[in-house]
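**Student:** Input entry.cif, format and content: mmCIF, C-alpha atoms.
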data_target
#
loop_
_atom_site.label_atom_id
_atom_site.label_comp_id
_atom_site.auth_asym_id
_atom_site.auth_seq_id
_atom_site.Cartn_x
_atom_site.Cartn_y
_atom_site.Cartn_z
CA MET F 12 0.00 0.00 0.00
CA PRO F 13 1.45 3.42 -0.89
CA PRO F 14 2.18 5.79 1.99
CA LEU F 15 -0.60 8.19 2.87
CA PHE F 16 0.28 11.70 1.75
CA LEU F 17 -1.16 14.59 3.70
CA PRO F 18 -0.73 18.04 2.25
CA PRO F 19 0.99 20.57 4.49
CA ASP F 20 -1.18 22.66 6.78
CA PRO F 21 -2.26 25.89 5.11
CA THR F 22 -0.93 29.25 6.18
CA PRO F 23 -3.30 31.24 8.40
CA ASP F 24 -4.22 33.44 5.43
CA GLU F 25 -5.01 30.39 3.28
CA PHE F 26 -7.01 28.84 6.13
CA LEU F 27 -9.12 32.00 6.52
CA LEU F 28 -10.10 32.01 2.83
CA HIS F 29 -12.76 29.40 3.67
CA PHE F 30 -14.69 31.83 5.85
CA PRO F 31 -16.97 34.79 5.05
CA PRO F 32 -15.14 38.07 4.32
CA ASP F 33 -16.41 39.81 7.47
CA MET F 34 -15.16 36.92 9.63
CA ARG F 35 -11.78 36.98 7.84
CA ILE F 36 -11.49 40.68 8.67
CA LEU F 37 -12.45 40.03 12.29
CA ALA F 38 -10.07 37.05 12.58
CA ASN F 39 -7.24 39.12 11.12
CA GLU F 40 -7.96 41.89 13.63
CA VAL F 41 -7.74 39.36 16.47
CA ARG F 42 -4.51 37.98 14.99
CA ALA F 43 -3.06 41.51 14.81
CA LEU F 44 -4.04 42.16 18.42
CA VAL F 45 -2.28 38.99 19.58
CA LYS F 46 0.82 39.91 17.55
CA GLN F 47 0.77 43.48 18.90
CA HIS F 48 0.84 42.29 22.50
CA LEU F 49 2.94 39.16 21.97
CA PRO F 50 5.39 40.31 19.28
CA ALA F 51 7.56 37.19 19.64
CA SER F 52 4.59 34.90 19.03
CA PHE F 53 4.07 32.86 15.90
CA GLU F 54 1.05 31.12 14.41
CA ALA F 55 0.39 27.64 13.09
CA VAL F 56 -2.78 26.27 11.58
CA LYS F 57 -3.97 23.05 13.15
CA ARG F 58 -6.26 21.73 10.44
CA GLY F 59 -7.53 18.80 12.54
CA TRP F 60 -8.59 21.18 15.28
CA GLY F 61 -9.86 23.81 12.83
CA LEU F 62 -7.89 26.61 14.44
CA ILE F 63 -4.94 28.96 14.27
CA GLY F 64 -2.77 28.35 17.32
CA PHE F 65 -0.46 30.98 18.69
CA TYR F 66 2.78 30.03 20.35
CA LEU F 67 5.78 31.58 22.04
CA PRO F 68 9.32 30.39 21.37
CA THR F 69 11.47 29.02 24.19
CA LEU F 70 15.19 28.70 24.61
CA GLY F 71 15.15 24.98 23.82
CA LYS F 72 15.94 23.99 20.25
CA GLY F 73 12.73 23.60 18.26
CA LYS F 74 10.55 24.09 21.32
CA SER F 75 7.56 26.37 21.62
CA ILE F 76 4.81 26.98 24.13
CA TYR F 77 1.15 26.88 23.16
CA VAL F 78 -0.64 29.96 24.47
CA GLY F 79 -4.00 29.93 22.77
CA PHE F 80 -6.02 29.83 19.61
CA ILE F 81 -8.21 31.66 17.15
CA ILE F 82 -11.13 29.79 15.64
CA PRO F 83 -13.06 31.41 12.82
CA HIS F 84 -16.70 30.43 12.38
CA SER F 85 -19.28 31.47 9.81
CA ASP F 86 -20.72 34.11 12.16
CA SER F 87 -18.10 34.70 14.87
CA VAL F 88 -14.45 34.38 15.84
CA THR F 89 -13.24 32.70 19.02
CA LEU F 90 -10.11 33.79 20.88
CA GLY F 91 -9.21 31.12 23.42
CA PHE F 92 -6.53 30.56 26.02
CA GLN F 93 -4.99 27.21 26.93
CA HIS F 94 -4.78 28.02 30.64
CA GLY F 95 -7.86 30.25 30.64
CA ILE F 96 -9.25 28.91 33.89
CA LEU F 97 -6.30 30.58 35.65
CA LEU F 98 -6.92 34.02 34.13
CA ASP F 99 -8.20 36.80 36.34
CA ASP F 100 -11.84 37.25 35.34
CA PRO F 101 -13.75 38.92 38.20
CA LEU F 102 -16.55 40.06 35.86
CA HIS F 103 -16.93 36.57 34.33
CA ARG F 104 -16.48 37.76 30.75
CA LEU F 105 -14.60 34.67 29.62
CA LEU F 106 -16.75 31.87 28.27
CA GLY F 107 -16.38 28.12 28.72
CA LYS F 108 -17.07 27.49 32.40
CA GLY F 109 -20.41 25.78 31.83
CA GLU F 110 -19.22 23.84 28.80
CA ASN F 111 -17.27 21.10 30.53
CA LEU F 112 -13.97 22.70 29.49
CA LYS F 113 -11.43 21.86 32.16
CA ARG F 114 -8.81 24.53 31.43
CA VAL F 115 -9.71 26.53 28.34
CA ARG F 116 -11.61 29.80 28.48
CA TYR F 117 -12.44 31.99 25.52
CA PHE F 118 -14.08 35.06 24.03
CA SER F 119 -16.49 35.00 21.13
CA PHE F 120 -16.60 38.04 18.85
CA ARG F 121 -19.36 38.62 16.29
CA SER F 122 -18.16 42.00 15.01
CA LEU F 123 -15.29 44.42 15.30
CA ASP F 124 -17.37 46.34 17.85
CA ASP F 125 -17.19 43.32 20.18
CA LEU F 126 -13.41 43.42 20.17
CA GLN F 127 -12.44 45.86 22.92
CA HIS F 128 -8.70 46.05 22.46
CA ASP F 129 -7.69 47.31 25.91
CA ASP F 130 -9.67 44.67 27.79
CA VAL F 131 -8.62 41.77 25.59
CA ALA F 132 -4.98 42.86 25.56
CA ALA F 133 -4.67 42.31 29.32
CA TRP F 134 -5.93 38.72 28.97
CA ILE F 135 -3.58 38.02 26.07
CA LYS F 136 -0.60 39.16 28.13
CA GLN F 137 -1.69 37.23 31.21
CA ALA F 138 -2.27 34.09 29.11
CA ALA F 139 1.32 34.34 27.86
CA GLU F 140 2.63 34.72 31.41
CA LEU F 141 0.73 31.61 32.48
CA ALA F 142 1.97 29.62 29.49
CA LEU F 143 5.58 30.59 30.20
CA MET F 144 5.29 29.82 33.92
CA PRO F 145 7.12 26.71 35.13
CA ALA F 146 4.75 23.74 34.93
CA ALA F 147 5.13 22.93 38.64
CA LEU F 148 4.03 26.42 39.65
CA ARG F 149 1.14 26.34 37.18
CA SER F 150 0.07 22.97 38.60
CA GLN F 151 -0.07 24.53 42.06
CA LEU F 152 -2.40 27.21 40.67
CA TYR F 153 -4.61 24.55 39.11
CA ARG F 154 -4.84 22.70 42.41
CA ALA F 155 -5.70 25.94 44.22
CA ASN F 156 -8.50 26.62 41.69
CA SER F 157 -10.12 23.20 41.94
#
How does this structure look as structure tokens?
**Tutor:**
Amino acid sequence: MPPLFLPPDPTPDEFLLHFPPDMRILANEVRALVKQHLPASFEAVKRGWGLIGFYLPTLGKGKSIYVGFIIPHSDSVTLGFQHGILLDDPLHRLLGKGENLKRVRYFSFRSLDDLQHDDVAAWIKQAAELALMPAALRSQLYRANS
């Protein structure tokens, strides 16, 4: 049997071509906001998950740390954080608590008006700090939140 050939994952721009123009614009605005506040970050499309992941490089060769994701939909764009349950959210603006998501929390934007840059920027930065935190310390925070 010949080996199974999988095409390479598309670039984020190629991936977004499959979504309505207004959602592409919104997704690109979210991407720009992440890049503005995490300038060292890079993106990778995860076709199987249907998302654009954003990562931070580490000192280890070929290593990176997963911070969060952007998922375009036909009528909205999701900005999610891998360690979202640990984010400060006193006003309960992050979504996901009632959805059986153990660690992830996210925002859902339906238009550019929903994207309040100053508010979201603080969560992006905090999500990066949590992702870069030593795993043992982060585990202590998880235990304290359970």
**Student:** Go ahead and compute the interatomic distance for atom CA of F:Ile96 and atom CA of F:Ile81, in Å to one decimal.
**Tutor:**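 Between these atoms lies a distance of 17.0 Å.
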**Student:** What gap, in Å, lies between atom CA of F:Glu110 and atom CA of F:Gly79?
**Tutor:**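 So the answer is 17.5 Å.
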**Student:** What is the distance between atom CA of F:Tyr153 and atom CA of F:Leu97, in Å to one decimal?
**Tutor:**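 Atom-to-atom, atom CA of F:Tyr153 and atom CA of F:Leu97 are spaced 7.2 Å apart.
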**Student:** What does the PyMOL selection byres ((chain F and resi 46-58) around 8) select in this file, as a short mmCIF file (atom, residue, chain, number, x, y, z; two decimals) with C-alpha atoms, keeping the file's coordinate frame?
**Tutor:**
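Below you can see part-v2.cif, which holds the result:
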data_model
loop_
_atom_site.label_atom_id
_atom_site.label_comp_id
_atom_site.auth_asym_id
_atom_site.auth_seq_id
_atom_site.Cartn_x
_atom_site.Cartn_y
_atom_site.Cartn_z
CA ASP F 20 -1.18 22.66 6.78
CA PRO F 21 -2.26 25.89 5.11
CA THR F 22 -0.93 29.25 6.18
CA PRO F 23 -3.30 31.24 8.40
CA PHE F 26 -7.01 28.84 6.13
CA ARG F 42 -4.51 37.98 14.99
CA ALA F 43 -3.06 41.51 14.81
CA LEU F 44 -4.04 42.16 18.42
CA VAL F 45 -2.28 38.99 19.58
CA GLY F 59 -7.53 18.80 12.54
CA TRP F 60 -8.59 21.18 15.28
CA GLY F 61 -9.86 23.81 12.83
CA LEU F 62 -7.89 26.61 14.44
CA ILE F 63 -4.94 28.96 14.27
CA GLY F 64 -2.77 28.35 17.32
CA PHE F 65 -0.46 30.98 18.69
CA TYR F 66 2.78 30.03 20.35
CA LEU F 67 5.78 31.58 22.04
CA PRO F 68 9.32 30.39 21.37
CA ALA F 132 -4.98 42.86 25.56
CA ILE F 135 -3.58 38.02 26.07
CA LYS F 136 -0.60 39.16 28.13
CA ALA F 139 1.32 34.34 27.86
#
**Student:** I would like the residues chosen by the PyMOL selection byres ((chain F and resi 90) around 12) on the shown file; could you give them as a PyMOL selection string?
**Tutor:** chain F and resi 37-42+44-45+62-65+78-84+87-89+91-93+95+105-107+115-121+125-126+131-132+134-135+138
**Student:** Can you translate the PyMOL selection byres ((chain F and resi 143) around 10) into the concrete residues it hits in this file, as a list of chain:residue names?
**Tutor:** F:Leu67, F:Pro68, F:Thr69, F:Ser75, F:Ile76, F:Tyr77, F:Val78, F:Gln137, F:Ala138, F:Ala139, F:Glu140, F:Leu141, F:Ala142, F:Met144, F:Pro145, F:Ala146, F:Arg149
**Student:** Could I see stretch 119-140 of chain F restored to N, CA and C atoms, set down as an mmCIF file, in the coordinates of the input?
**Tutor:**
data_model
loop_
_atom_site.group_PDB
_atom_site.id
_atom_site.type_symbol
_atom_site.label_atom_id
_atom_site.label_comp_id
_atom_site.auth_asym_id
_atom_site.auth_seq_id
_atom_site.Cartn_x
_atom_site.Cartn_y
_atom_site.Cartn_z
ATOM 1 N N SER F 119 -15.870 35.163 22.439
ATOM 2 C CA SER F 119 -16.490 35.000 21.130
ATOM 3 C C SER F 119 -16.861 36.386 20.621
ATOM 4 N N PHE F 120 -16.353 36.728 19.447
ATOM 5 C CA PHE F 120 -16.600 38.040 18.850
ATOM 6 C C PHE F 120 -17.452 37.873 17.598
ATOM 7 N N ARG F 121 -18.501 38.671 17.471
ATOM 8 C CA ARG F 121 -19.360 38.620 16.290
ATOM 9 C C ARG F 121 -19.115 39.786 15.342
ATOM 10 N N SER F 122 -18.467 40.838 15.850
ATOM 11 C CA SER F 122 -18.160 42.000 15.010
ATOM 12 C C SER F 122 -16.951 42.717 15.583
ATOM 13 N N LEU F 123 -16.424 43.637 14.825
ATOM 14 C CA LEU F 123 -15.290 44.420 15.300
ATOM 15 C C LEU F 123 -15.657 45.218 16.548
ATOM 16 N N ASP F 124 -16.931 45.593 16.669
ATOM 17 C CA ASP F 124 -17.370 46.340 17.850
ATOM 18 C C ASP F 124 -17.239 45.510 19.128
ATOM 19 N N ASP F 125 -17.332 44.192 19.007
ATOM 20 C CA ASP F 125 -17.190 43.320 20.180
ATOM 21 C C ASP F 125 -15.761 43.240 20.690
ATOM 22 N N LEU F 126 -14.834 43.571 19.843
ATOM 23 C CA LEU F 126 -13.410 43.420 20.170
ATOM 24 C C LEU F 126 -12.922 44.702 20.838
ATOM 25 N N GLN F 127 -12.911 44.700 22.167
ATOM 26 C CA GLN F 127 -12.440 45.860 22.920
ATOM 27 C C GLN F 127 -10.966 45.641 23.220
ATOM 28 N N HIS F 128 -10.139 46.316 22.459
ATOM 29 C CA HIS F 128 -8.700 46.050 22.460
ATOM 30 C C HIS F 128 -8.050 46.130 23.835
ATOM 31 N N ASP F 129 -8.360 47.149 24.624
ATOM 32 C CA ASP F 129 -7.690 47.310 25.910
ATOM 33 C C ASP F 129 -8.015 46.164 26.851
ATOM 34 N N ASP F 130 -9.276 45.769 26.906
ATOM 35 C CA ASP F 130 -9.670 44.670 27.790
ATOM 36 C C ASP F 130 -9.012 43.364 27.360
ATOM 37 N N VAL F 131 -9.116 43.043 26.089
ATOM 38 C CA VAL F 131 -8.620 41.770 25.590
ATOM 39 C C VAL F 131 -7.098 41.705 25.687
ATOM 40 N N ALA F 132 -6.442 42.826 25.503
ATOM 41 C CA ALA F 132 -4.980 42.860 25.560
ATOM 42 C C ALA F 132 -4.464 42.362 26.903
ATOM 43 N N ALA F 133 -5.115 42.745 27.984
ATOM 44 C CA ALA F 133 -4.670 42.310 29.320
ATOM 45 C C ALA F 133 -4.748 40.790 29.441
ATOM 46 N N TRP F 134 -5.801 40.173 28.888
ATOM 47 C CA TRP F 134 -5.930 38.720 28.970
ATOM 48 C C TRP F 134 -4.894 38.023 28.095
ATOM 49 N N ILE F 135 -4.600 38.596 26.944
ATOM 50 C CA ILE F 135 -3.580 38.020 26.070
ATOM 51 C C ILE F 135 -2.228 37.980 26.798
ATOM 52 N N LYS F 136 -1.874 39.088 27.418
ATOM 53 C CA LYS F 136 -0.600 39.160 28.130
ATOM 54 C C LYS F 136 -0.567 38.196 29.320
ATOM 55 N N GLN F 137 -1.654 38.143 30.064
ATOM 56 C CA GLN F 137 -1.690 37.230 31.210
ATOM 57 C C GLN F 137 -1.642 35.770 30.758
ATOM 58 N N ALA F 138 -2.308 35.459 29.643
ATOM 59 C CA ALA F 138 -2.270 34.090 29.110
ATOM 60 C C ALA F 138 -0.844 33.694 28.753
ATOM 61 N N ALA F 139 -0.080 34.623 28.200
ATOM 62 C CA ALA F 139 1.320 34.340 27.860
ATOM 63 C C ALA F 139 2.139 34.106 29.122
ATOM 64 N N GLU F 140 1.910 34.913 30.151
ATOM 65 C CA GLU F 140 2.630 34.720 31.410
ATOM 66 C C GLU F 140 2.346 33.343 32.001
#
